[in-house]
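Data block for input-v6.txt (compact mmCIF, C-alpha atoms):
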# COMPACT_ATOMS: atom_id res chain seq x y z
CA MET Y 183 220.00 257.61 41.67
CA GLN Y 184 222.18 255.67 44.09
CA ARG Y 185 220.37 252.54 45.32
CA SER Y 186 220.76 251.87 49.04
CA TRP Y 187 218.60 251.33 52.10
CA ALA Y 188 220.14 254.49 53.62
CA MET Y 189 218.78 256.51 50.66
CA VAL Y 190 215.37 254.82 51.11
CA GLY Y 191 215.47 255.97 54.75
CA VAL Y 192 216.31 259.57 53.77
CA CYS Y 193 213.45 259.64 51.22
CA GLY Y 194 211.09 258.10 53.81
CA VAL Y 195 211.96 260.77 56.39
CA LEU Y 196 211.46 263.48 53.75
CA ALA Y 197 208.06 261.99 52.86
CA VAL Y 198 206.97 262.10 56.52
CA VAL Y 199 208.21 265.71 56.93
CA PHE Y 200 206.44 266.83 53.72
CA ALA Y 201 203.22 265.04 54.74
CA ALA Y 202 203.36 266.71 58.17
CA LEU Y 203 203.86 270.12 56.50
CA ALA Y 204 200.92 269.43 54.16
CA VAL Y 205 198.66 268.68 57.15
CA PHE Y 206 200.04 271.76 58.97
CA TYR Y 207 199.26 274.12 56.06
CA ALA Y 208 195.85 272.54 55.47
CA THR Y 209 194.74 272.94 59.06
CA THR Y 210 196.61 275.92 60.54
CA THR Y 211 196.51 279.66 60.01
CA THR Y 212 200.15 280.67 59.59
CA SER Y 213 202.58 282.99 57.82
CA PHE Y 214 205.46 280.46 57.93
CA LEU Y 215 207.08 280.43 54.42
CA ALA Y 216 204.12 282.48 53.16
CA SER Y 217 203.28 286.09 52.39
CA ALA Y 218 200.38 286.55 54.81
CA THR Y 219 198.80 285.00 57.90
CA ALA Y 220 196.13 282.66 56.52
CA LYS Y 221 195.39 279.04 55.64
CA HIS Y 222 197.61 278.26 52.65
CA THR Y 223 195.93 275.60 50.51
CA LYS Y 224 198.56 275.97 47.76
CA HIS Y 225 201.32 275.21 50.27
CA ALA Y 226 199.35 272.18 51.52
CA ILE Y 227 198.94 270.82 47.97
CA LEU Y 228 202.63 271.46 47.19
CA PHE Y 229 203.85 269.57 50.27
CA ALA Y 230 201.38 266.71 49.68
CA LEU Y 231 202.79 266.35 46.13
CA LEU Y 232 206.35 266.49 47.47
CA ALA Y 233 205.48 263.73 49.98
CA VAL Y 234 204.20 261.52 47.11
CA LEU Y 235 207.36 262.27 45.07
CA ALA Y 236 209.56 261.40 48.07
CA ILE Y 237 207.79 258.01 48.33
CA ILE Y 238 208.38 257.45 44.59
CA ALA Y 239 212.04 258.44 45.07
CA ALA Y 240 212.27 255.89 47.92
CA ASN Y 241 210.99 253.22 45.52
CA PHE Y 242 213.70 254.24 43.01
CA ALA Y 243 216.37 254.04 45.73
CA ARG Y 244 215.36 250.52 46.86
CA PRO Y 245 218.17 248.02 46.16
CA ARG Y 246 217.16 245.45 43.53
CA VAL Y 247 216.98 241.80 44.52
CA GLU Y 248 218.67 239.74 41.78
CA ALA Y 249 216.48 236.85 40.58
CA MET V 32 186.33 295.56 31.05
CA SER V 33 185.27 295.60 27.39
CA LEU V 34 185.30 292.53 25.12
CA TRP V 35 187.93 294.20 22.93
CA LEU V 36 190.28 294.78 25.84
CA VAL V 37 189.78 291.21 27.14
CA SER V 38 190.44 289.87 23.62
CA PHE V 39 193.59 291.97 23.31
CA LEU V 40 194.86 290.80 26.72
CA GLY V 41 194.06 287.18 25.80
CA LEU V 42 196.03 287.37 22.54
CA LEU V 43 198.87 289.19 24.31
CA GLN V 44 199.08 286.59 27.10
CA GLY V 45 198.79 283.57 24.78
CA ALA V 46 201.46 284.85 22.39
CA THR V 47 203.93 286.24 24.90
CA GLU V 48 203.76 283.26 27.32
CA LEU V 49 205.68 281.06 24.89
CA PHE V 50 207.79 283.62 23.04
CA PRO V 51 210.95 284.33 25.07
CA VAL V 52 209.76 287.86 25.86
CA SER V 53 207.92 287.55 29.24
CA SER V 54 204.11 287.54 29.34
CA LEU V 55 204.11 289.02 32.85
CA GLY V 56 206.44 291.84 31.77
CA HIS V 57 204.14 292.56 28.82
CA ALA V 58 201.05 292.40 31.05
CA VAL V 59 202.61 295.12 33.22
CA VAL V 60 204.40 297.30 30.65
CA VAL V 61 202.19 297.21 27.51
CA PRO V 62 198.93 298.45 29.13
CA LEU V 63 200.90 301.33 30.71
CA LEU V 64 202.56 302.19 27.39
CA LEU V 65 199.24 302.05 25.51
CA HIS V 66 197.35 303.82 28.33
CA LEU V 67 194.79 301.00 28.45
CA ASP V 68 191.97 301.66 30.85
CA PHE V 69 192.15 298.92 33.48
CA ASP V 70 193.66 298.31 36.89
CA PRO V 71 195.66 295.08 37.27
CA ALA V 72 195.15 295.34 41.05
CA ASP V 73 191.33 295.17 40.60
CA PRO V 74 190.03 291.88 42.17
CA THR V 75 187.85 291.20 39.10
CA PHE V 76 191.07 291.07 37.01
CA VAL V 77 192.26 287.92 38.88
CA PRO V 78 189.66 285.56 37.29
CA LEU V 79 190.77 286.80 33.86
CA LEU V 80 194.40 285.90 34.61
CA VAL V 81 193.27 282.45 35.85
CA LEU V 82 191.30 281.77 32.66
CA LEU V 83 194.10 283.06 30.41
CA HIS V 84 196.54 280.66 32.10
CA LEU V 85 194.09 277.78 31.71
CA GLY V 86 193.61 278.67 28.03
CA THR V 87 197.37 278.69 27.42
CA ALA V 88 197.94 275.42 29.32
CA THR V 89 195.08 273.74 27.42
CA ALA V 90 196.66 274.76 24.10
CA LEU V 91 200.01 273.24 25.15
CA VAL V 92 198.34 270.01 26.31
CA VAL V 93 196.41 269.76 23.01
CA LEU V 94 199.54 270.47 20.95
CA TYR V 95 201.61 267.81 22.73
CA ARG V 96 198.71 265.49 23.68
CA HIS V 97 200.32 262.29 22.33
CA GLU V 98 203.60 263.04 24.10
CA TRP V 99 201.80 263.85 27.35
CA ALA V 100 199.73 260.64 27.16
CA ARG V 101 202.92 258.57 26.69
CA MET V 102 204.78 260.46 29.43
CA VAL V 103 201.97 260.23 32.02
CA ALA V 104 201.69 256.48 31.38
CA GLY V 105 205.49 256.24 31.50
CA PHE V 106 205.64 258.13 34.79
CA VAL V 107 203.13 255.79 36.44
CA ARG V 108 204.95 252.69 35.10
CA ALA V 109 208.37 253.92 36.26
CA ALA V 110 207.08 255.11 39.65
CA VAL V 111 205.48 251.73 40.41
CA ARG V 112 208.45 249.74 39.09
CA GLY V 113 211.10 252.00 40.69
CA GLU V 114 213.12 251.96 37.50
CA VAL V 115 213.28 253.89 34.21
CA ARG V 116 213.37 251.68 31.13
CA ASP V 117 212.41 253.73 28.07
CA ASP V 118 212.57 257.28 26.65
CA ASP V 119 209.01 258.22 27.67
CA GLU V 120 209.64 257.20 31.27
CA ARG V 121 212.92 259.11 31.25
CA MET V 122 211.30 262.25 29.78
CA ALA V 123 208.53 262.08 32.41
CA MET V 124 211.12 261.93 35.19
CA LEU V 125 213.11 264.81 33.66
CA LEU V 126 209.96 266.95 33.61
CA VAL V 127 209.06 266.03 37.20
CA VAL V 128 212.51 266.91 38.59
CA GLY V 129 212.59 270.02 36.37
CA THR V 130 209.20 271.20 37.67
CA ILE V 131 209.95 270.78 41.40
CA PRO V 132 212.24 273.87 41.83
CA ALA V 133 209.87 276.25 40.04
CA GLY V 134 206.86 274.78 41.89
CA VAL V 135 208.45 275.12 45.34
CA LEU V 136 209.96 278.59 44.76
CA GLY V 137 206.79 279.76 42.99
CA VAL V 138 204.43 278.78 45.82
CA ILE V 139 206.68 280.21 48.54
CA PHE V 140 207.81 283.45 46.89
CA GLU V 141 205.24 284.35 44.20
CA GLU V 142 203.12 286.73 46.29
CA ARG V 143 206.13 288.51 47.81
CA VAL V 144 207.85 288.99 44.45
CA LYS V 145 204.60 290.14 42.79
CA SER V 146 203.92 292.71 45.50
CA LEU V 147 207.43 294.14 45.05
CA PHE V 148 207.63 294.35 41.28
CA THR V 149 204.21 294.91 39.70
CA SER V 150 204.89 298.51 38.70
CA GLY V 151 206.13 299.41 35.23
CA ARG V 152 209.70 300.51 35.90
CA PRO V 153 210.95 297.31 37.62
CA ALA V 154 209.26 295.25 34.87
CA SER V 155 211.04 297.38 32.25
CA ILE V 156 214.37 296.82 33.98
CA PHE V 157 213.75 293.05 34.12
CA LEU V 158 212.89 293.07 30.40
CA ILE V 159 216.38 294.48 29.79
CA VAL V 160 217.83 291.80 32.12
CA ASN V 161 215.90 289.18 30.10
CA ALA V 162 217.49 290.56 26.93
CA ALA V 163 220.93 290.21 28.54
CA ILE V 164 220.20 286.58 29.54
CA LEU V 165 219.12 285.70 25.97
CA LEU V 166 222.19 287.40 24.44
CA ALA V 167 224.49 285.68 26.96
CA ALA V 168 222.95 282.29 26.11
CA GLU V 169 223.56 282.90 22.40
CA ALA V 170 227.12 284.13 23.05
CA LEU V 171 227.84 280.89 24.96
CA ARG V 172 226.26 278.86 22.16
CA ARG V 173 228.42 280.61 19.51
CA ARG V 174 231.50 279.81 21.60
CA ALA V 175 230.38 276.16 21.80
CA GLU V 176 229.92 276.17 18.00
CA ARG V 177 233.48 277.49 17.55
CA ARG V 178 234.80 274.78 19.89
CA ALA V 179 232.89 272.14 17.94
CA GLY V 180 234.38 273.56 14.72
CA VAL V 181 231.00 274.22 13.10
CA GLU V 182 230.96 278.05 13.13
CA ASP V 183 231.37 278.30 9.33
CA ARG V 184 228.74 275.70 8.48
CA SER V 185 225.06 276.21 7.67
CA ARG V 186 222.71 276.71 10.61
CA GLU V 187 221.21 273.24 10.06
CA SER V 188 224.57 271.51 10.44
CA GLN V 189 225.53 273.77 13.36
CA GLU V 190 222.37 272.64 15.15
CA ARG V 191 223.12 268.98 14.37
CA ALA V 192 226.29 269.29 16.51
CA PHE V 193 224.11 269.64 19.62
CA GLY V 194 221.87 267.30 21.59
CA ASP V 195 218.40 265.91 21.97
CA MET V 196 216.33 266.60 25.13
CA ARG V 197 215.98 262.87 25.80
CA ARG V 198 219.72 262.75 26.53
CA LEU V 199 219.50 265.55 29.11
CA SER V 200 220.87 264.58 32.55
CA LEU V 201 218.71 264.80 35.68
CA ARG V 202 221.07 267.46 37.04
CA ALA V 203 220.66 269.57 33.88
CA ALA V 204 216.86 269.19 34.10
CA VAL V 205 216.95 270.48 37.70
CA LEU V 206 219.15 273.40 36.56
CA VAL V 207 216.78 274.30 33.71
CA GLY V 208 213.81 273.95 36.09
CA THR V 209 215.47 276.26 38.61
CA CYS V 210 216.00 278.83 35.83
CA GLN V 211 212.21 278.71 35.35
CA ALA V 212 211.72 280.18 38.84
CA LEU V 213 213.38 283.41 37.63
CA ALA V 214 210.18 284.03 35.63
CA LEU V 215 208.53 285.06 38.90
CA PHE V 216 210.08 288.47 38.18
CA PRO V 217 207.87 290.33 35.70
CA GLY V 218 210.06 290.92 32.64
CA ILE V 219 212.03 287.67 32.90
CA SER V 220 210.62 285.19 30.39
CA ARG V 221 209.93 281.62 31.51
CA ALA V 222 210.46 280.36 27.96
CA GLY V 223 213.56 282.55 27.57
CA VAL V 224 215.37 281.43 30.73
CA THR V 225 214.49 277.74 30.28
CA MET V 226 215.64 277.89 26.66
CA ALA V 227 218.84 279.61 27.79
CA GLY V 228 219.27 276.82 30.37
CA GLY V 229 218.61 274.19 27.70
CA LEU V 230 221.19 275.76 25.37
CA ALA V 231 223.72 275.85 28.23
CA ALA V 232 223.01 272.13 28.79
CA GLY V 233 223.93 271.49 25.14
CA LEU V 234 220.49 271.14 23.55
CA ARG V 235 219.69 272.21 19.98
CA HIS V 236 217.54 275.37 19.81
CA GLU V 237 214.49 273.41 18.65
CA GLU V 238 214.92 270.83 21.43
CA ALA V 239 215.48 273.57 24.04
CA ALA V 240 212.21 275.23 22.92
CA HIS V 241 210.35 271.90 22.96
CA PHE V 242 211.66 271.07 26.46
CA SER V 243 210.78 274.59 27.59
CA PHE V 244 207.15 274.21 26.41
CA LEU V 245 206.80 270.78 28.05
CA LEU V 246 208.33 272.09 31.28
CA ALA V 247 206.07 275.16 31.25
CA THR V 248 202.83 273.18 30.88
CA PRO V 249 202.49 271.81 34.47
CA VAL V 250 203.50 275.16 35.97
CA ILE V 251 201.11 277.23 33.83
CA ALA V 252 198.30 274.69 34.35
CA ALA V 253 198.90 274.66 38.12
CA ALA V 254 198.98 278.47 38.20
CA GLY V 255 195.51 278.39 36.63
CA LEU V 256 194.00 275.36 38.40
CA LEU V 257 195.11 276.38 41.91
CA GLU V 258 193.37 279.73 41.44
CA VAL V 259 190.08 278.30 40.11
CA PRO V 260 188.25 279.26 43.36
CA GLN V 261 189.15 282.88 42.48
CA LEU V 262 186.81 282.60 39.47
CA PHE V 263 183.83 282.87 41.75
CA GLY V 264 182.89 285.56 44.20
CA HIS V 265 184.32 288.60 42.37
CA HIS V 266 181.22 289.20 40.18
CA ALA V 267 183.54 289.08 37.18
CA PRO V 268 182.10 288.87 33.63
CA LEU V 269 183.13 285.22 33.16
CA GLY V 270 181.51 284.95 29.69
CA THR V 271 183.65 287.81 28.35
CA TYR V 272 186.73 286.44 30.11
CA LEU V 273 186.12 283.02 28.52
CA VAL V 274 186.50 284.66 25.09
CA GLY V 275 189.90 285.97 26.25
CA ALA V 276 190.87 282.47 27.43
CA VAL V 277 189.96 280.89 24.08
CA LEU V 278 191.95 283.57 22.23
CA ALA V 279 194.90 283.03 24.62
CA GLY V 280 194.75 279.31 23.82
CA ILE V 281 194.64 279.90 20.05
CA ALA V 282 197.52 282.40 20.26
CA ALA V 283 199.56 279.98 22.40
CA TYR V 284 198.93 277.08 19.99
CA PHE V 285 200.09 279.02 16.93
CA SER V 286 202.98 280.62 18.85
CA ALA V 287 204.29 277.19 19.88
CA THR V 288 204.04 275.75 16.35
CA PHE V 289 205.71 278.86 14.90
CA LEU V 290 208.50 278.86 17.47
CA ILE V 291 209.34 275.16 17.06
CA ARG V 292 209.69 275.78 13.30
CA TYR V 293 211.61 279.04 13.84
CA PHE V 294 214.15 277.47 16.21
CA ARG V 295 215.16 274.79 13.70
CA VAL V 296 217.62 277.41 12.44
CA GLY V 297 216.70 280.59 14.34
CA ARG V 298 218.37 282.09 17.39
CA LEU V 299 217.25 284.04 20.46
CA ASP V 300 218.92 287.34 19.43
CA PRO V 301 215.88 289.02 17.77
CA TYR V 302 213.81 288.46 20.92
CA ALA V 303 216.64 289.85 23.03
CA TYR V 304 216.73 293.06 20.96
CA TYR V 305 212.93 293.32 21.15
CA CYS V 306 212.95 292.94 24.97
CA ALA V 307 215.74 295.49 25.31
CA ALA V 308 213.80 297.98 23.13
CA LEU V 309 210.55 297.44 25.07
CA GLY V 310 212.40 297.76 28.37
CA VAL V 311 214.07 301.01 27.30
CA ALA V 312 210.73 302.36 26.00
CA GLY V 313 209.11 301.41 29.31
CA LEU V 314 211.81 303.21 31.31
CA ALA V 315 211.52 306.28 29.08
CA VAL V 316 207.71 306.54 29.14
CA ILE V 317 206.51 305.06 32.45
CA ARG V 318 206.89 307.30 35.49

I'd like the structure from this file rewritten - as structure tokens, please.
Amino acid sequence: MQRSWAMVGVCGVLAVVFAALAVFYATTTTSFLASATAKHTKHAILFALLAVLAIIAANFARPRVEA
Amino acid sequence: MSLWLVSFLGLLQGATELFPVSSLGHAVVVPLLLHLDFDPADPTFVPLLVLLHLGTATALVVLYRHEWARMVAGFVRAAVRGEVRDDDERMAMLLVVGTIPAGVLGVIFEERVKSLFTSGRPASIFLIVNAAILLAAEALRRRAERRAGVEDRSRESQERAFGDMRRLSLRAAVLVGTCQALALFPGISRAGVTMAGGLAAGLRHEEAAHFSFLLATPVIAAAGLLEVPQLFGHHAPLGTYLVGAVLAGIAAYFSATFLIRYFRVGRLDPYAYYCAALGVAGLAVIR
């Protein structure tokens, strides 16, 4: 993965979007990206995991400080 | 549902989940061909599917427990450090990026695809498509063997001309993981398409099968664990279903050990012919 602060920013924004979607699916009855109108716990778990992975990706993208 | 039927379905699920022949396709087509007396749309059938998935995933975790322990530790180390330093950390990252496409597509599209294709005829057609995918993967591999100049050698030395899963690129892992999402269609085998993807990425057959089983474990486990609440509230005979889950686990364990040994020199062709035959039989018999 390319290391740059810009990439860290992209991963950070993705993490926030995924976290917001996780909260949305956990709290709202919706049919957005789903088969039926209901609360979609699986979607909430998926987006929470994606938010964690985006934070990990941001850590991978962080430029190294040479000692 | 009788104990015998549950046991049969457990063995069928455990064996066909890892063979490149589609467990979902078999779960739809075989009961119709054998005129088994149960309704897959019955709500009490859902807890059985959940337990069968958990049984299969448990078998895979037990079989590869040392590898999983090293990879989980490697994932945590690499995630905290922000850098991959050894093979276990690299394998963990390959599996994570390979699992994301199937996880995302599975959660978003699973219900819609299932509702469209759970009857016997579409599953039969997809079994034939699965056969075509397996044959195409082997045709590409034979061409790669000719290009590498090993087509006249023994199968062992042919296989030695190809790679190890630890050398797989992140892009190839994403590609193989995306192939896994095709298994949402009943009749398309998760193991088959991921093995085909692995072969296309230049892996040896044995390594492609090994990577396929590792890649399948989180998805199968999640498919079971996320549905655990479904175990309760349907008045299902959980004791009987547990027998099916144990049998699914035993079948999966022996299937995986057999397949890893088989693919040291074996190819996908026999499974392709089997899928094609079952698909044709399904189309001929199921109305």

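Atom CA of Gly86 of chain V is positioned 28.5 Å from atom CA of Asp195 of chain V.
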
Set out as CSV a contact list for chain V and chain Y with a cut-off of 7 Å, giving each residue of chain V that qualifies its closest atom pair and distance in Å to one decimal, counting all atoms listed in the file, ordered by chain and rising residue number.
residue,atom,partner,partner_atom,distance
V:Ala110,CA,Y:Ile238,CA,5.6
V:Gly113,CA,Y:Phe242,CA,4.1
V:Glu114,CA,Y:Phe242,CA,6.0
V:Val138,CA,Y:His225,CA,6.5
V:Ile139,CA,Y:Ala216,CA,5.7
V:Glu142,CA,Y:Ser217,CA,6.1
V:Arg143,CA,Y:Ser217,CA,5.9
V:Leu257,CA,Y:Lys224,CA,6.8

One number please: atom CA of Val60 of chain V to atom CA of Gly223 of chain V, in Å, one decimal.
17.6 Å

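Of the residues under consideration (V:Ile159, V:Ala279, V:Ala308, V:Ala315), V:Ala279 shows the shortest atom-to-atom contact distance to Ala90 of chain V when counting all atoms listed in the file.
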
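You can rank V:Leu199, V:Ala312, V:Ala222, V:Leu55 by their closest distance to Leu245 of chain V using only C-alpha atoms, and at the top of that list sits V:Ala222.
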
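In this comparison, which uses only C-alpha atoms, the residue of V:Phe244, V:Ala88, V:Leu80, V:Gly280 approaching Glu258 of chain V most closely is V:Leu80.
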
Could you pull chain Y out of the structure just shown and give C-alpha atoms as a PDB file, in the first residue's frame?
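Wrote it out as out_5.pdb, contents follow:
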ATOM      1  CA  MET Y 183       0.000   0.000   0.000  1.00  0.00           C
ATOM      2  CA  GLN Y 184       1.186   3.501  -0.873  1.00  0.00           C
ATOM      3  CA  ARG Y 185       2.196   5.399   2.282  1.00  0.00           C
ATOM      4  CA  SER Y 186       1.019   9.016   2.365  1.00  0.00           C
ATOM      5  CA  TRP Y 187      -0.994  11.324   4.581  1.00  0.00           C
ATOM      6  CA  ALA Y 188      -3.505  11.720   1.722  1.00  0.00           C
ATOM      7  CA  MET Y 189      -4.142   7.945   1.830  1.00  0.00           C
ATOM      8  CA  VAL Y 190      -4.510   8.142   5.635  1.00  0.00           C
ATOM      9  CA  GLY Y 191      -7.149  10.839   5.076  1.00  0.00           C
ATOM     10  CA  VAL Y 192      -9.045   8.695   2.538  1.00  0.00           C
ATOM     11  CA  CYS Y 193      -9.031   5.704   4.926  1.00  0.00           C
ATOM     12  CA  GLY Y 194     -10.133   7.971   7.800  1.00  0.00           C
ATOM     13  CA  VAL Y 195     -13.083   9.318   5.790  1.00  0.00           C
ATOM     14  CA  LEU Y 196     -14.042   5.745   4.819  1.00  0.00           C
ATOM     15  CA  ALA Y 197     -13.888   4.702   8.490  1.00  0.00           C
ATOM     16  CA  VAL Y 198     -16.245   7.541   9.468  1.00  0.00           C
ATOM     17  CA  VAL Y 199     -18.674   6.705   6.618  1.00  0.00           C
ATOM     18  CA  PHE Y 200     -18.675   2.980   7.523  1.00  0.00           C
ATOM     19  CA  ALA Y 201     -19.165   3.773  11.229  1.00  0.00           C
ATOM     20  CA  ALA Y 202     -22.087   6.073  10.366  1.00  0.00           C
ATOM     21  CA  LEU Y 203     -23.639   3.329   8.199  1.00  0.00           C
ATOM     22  CA  ALA Y 204     -23.182   0.812  11.044  1.00  0.00           C
ATOM     23  CA  VAL Y 205     -25.044   3.121  13.447  1.00  0.00           C
ATOM     24  CA  PHE Y 206     -27.708   3.762  10.767  1.00  0.00           C
ATOM     25  CA  TYR Y 207     -28.389   0.043  10.210  1.00  0.00           C
ATOM     26  CA  ALA Y 208     -28.313  -0.709  13.940  1.00  0.00           C
ATOM     27  CA  THR Y 209     -30.872   1.943  14.791  1.00  0.00           C
ATOM     28  CA  THR Y 210     -33.085   2.467  11.732  1.00  0.00           C
ATOM     29  CA  THR Y 211     -35.713   0.400   9.958  1.00  0.00           C
ATOM     30  CA  THR Y 212     -34.744   0.582   6.287  1.00  0.00           C
ATOM     31  CA  SER Y 213     -34.614  -1.287   2.983  1.00  0.00           C
ATOM     32  CA  PHE Y 214     -31.534   0.630   1.736  1.00  0.00           C
ATOM     33  CA  LEU Y 215     -29.090  -1.965   0.252  1.00  0.00           C
ATOM     34  CA  ALA Y 216     -31.259  -4.708   1.777  1.00  0.00           C
ATOM     35  CA  SER Y 217     -33.975  -7.116   0.707  1.00  0.00           C
ATOM     36  CA  ALA Y 218     -36.741  -5.985   3.058  1.00  0.00           C
ATOM     37  CA  THR Y 219     -37.760  -3.071   5.269  1.00  0.00           C
ATOM     38  CA  ALA Y 220     -36.415  -3.991   8.712  1.00  0.00           C
ATOM     39  CA  LYS Y 221     -33.536  -3.426  11.124  1.00  0.00           C
ATOM     40  CA  HIS Y 222     -30.528  -5.098   9.513  1.00  0.00           C
ATOM     41  CA  THR Y 223     -28.142  -6.277  12.229  1.00  0.00           C
ATOM     42  CA  LYS Y 224     -25.956  -8.126   9.695  1.00  0.00           C
ATOM     43  CA  HIS Y 225     -25.469  -4.897   7.736  1.00  0.00           C
ATOM     44  CA  ALA Y 226     -24.615  -3.056  10.974  1.00  0.00           C
ATOM     45  CA  ILE Y 227     -21.990  -5.673  11.918  1.00  0.00           C
ATOM     46  CA  LEU Y 228     -20.540  -5.637   8.377  1.00  0.00           C
ATOM     47  CA  PHE Y 229     -20.125  -1.845   8.328  1.00  0.00           C
ATOM     48  CA  ALA Y 230     -18.697  -1.809  11.873  1.00  0.00           C
ATOM     49  CA  LEU Y 231     -16.066  -4.364  10.740  1.00  0.00           C
ATOM     50  CA  LEU Y 232     -15.345  -2.319   7.612  1.00  0.00           C
ATOM     51  CA  ALA Y 233     -14.858   0.789   9.800  1.00  0.00           C
ATOM     52  CA  VAL Y 234     -12.292  -1.104  11.925  1.00  0.00           C
ATOM     53  CA  LEU Y 235     -10.522  -2.353   8.763  1.00  0.00           C
ATOM     54  CA  ALA Y 236     -10.430   1.192   7.352  1.00  0.00           C
ATOM     55  CA  ILE Y 237      -8.720   2.379  10.573  1.00  0.00           C
ATOM     56  CA  ILE Y 238      -6.193  -0.474  10.242  1.00  0.00           C
ATOM     57  CA  ALA Y 239      -5.653   0.492   6.587  1.00  0.00           C
ATOM     58  CA  ALA Y 240      -5.033   4.101   7.717  1.00  0.00           C
ATOM     59  CA  ASN Y 241      -2.352   2.803  10.097  1.00  0.00           C
ATOM     60  CA  PHE Y 242      -0.738   0.917   7.176  1.00  0.00           C
ATOM     61  CA  ALA Y 243      -0.825   4.067   5.020  1.00  0.00           C
ATOM     62  CA  ARG Y 244       0.865   6.265   7.669  1.00  0.00           C
ATOM     63  CA  PRO Y 245       4.289   7.457   6.446  1.00  0.00           C
ATOM     64  CA  ARG Y 246       7.130   5.984   8.532  1.00  0.00           C
ATOM     65  CA  VAL Y 247       9.338   8.340  10.513  1.00  0.00           C
ATOM     66  CA  GLU Y 248      12.978   7.275   9.996  1.00  0.00           C
ATOM     67  CA  ALA Y 249      14.849   6.870  13.303  1.00  0.00           C
TER      68      ALA Y 249
END
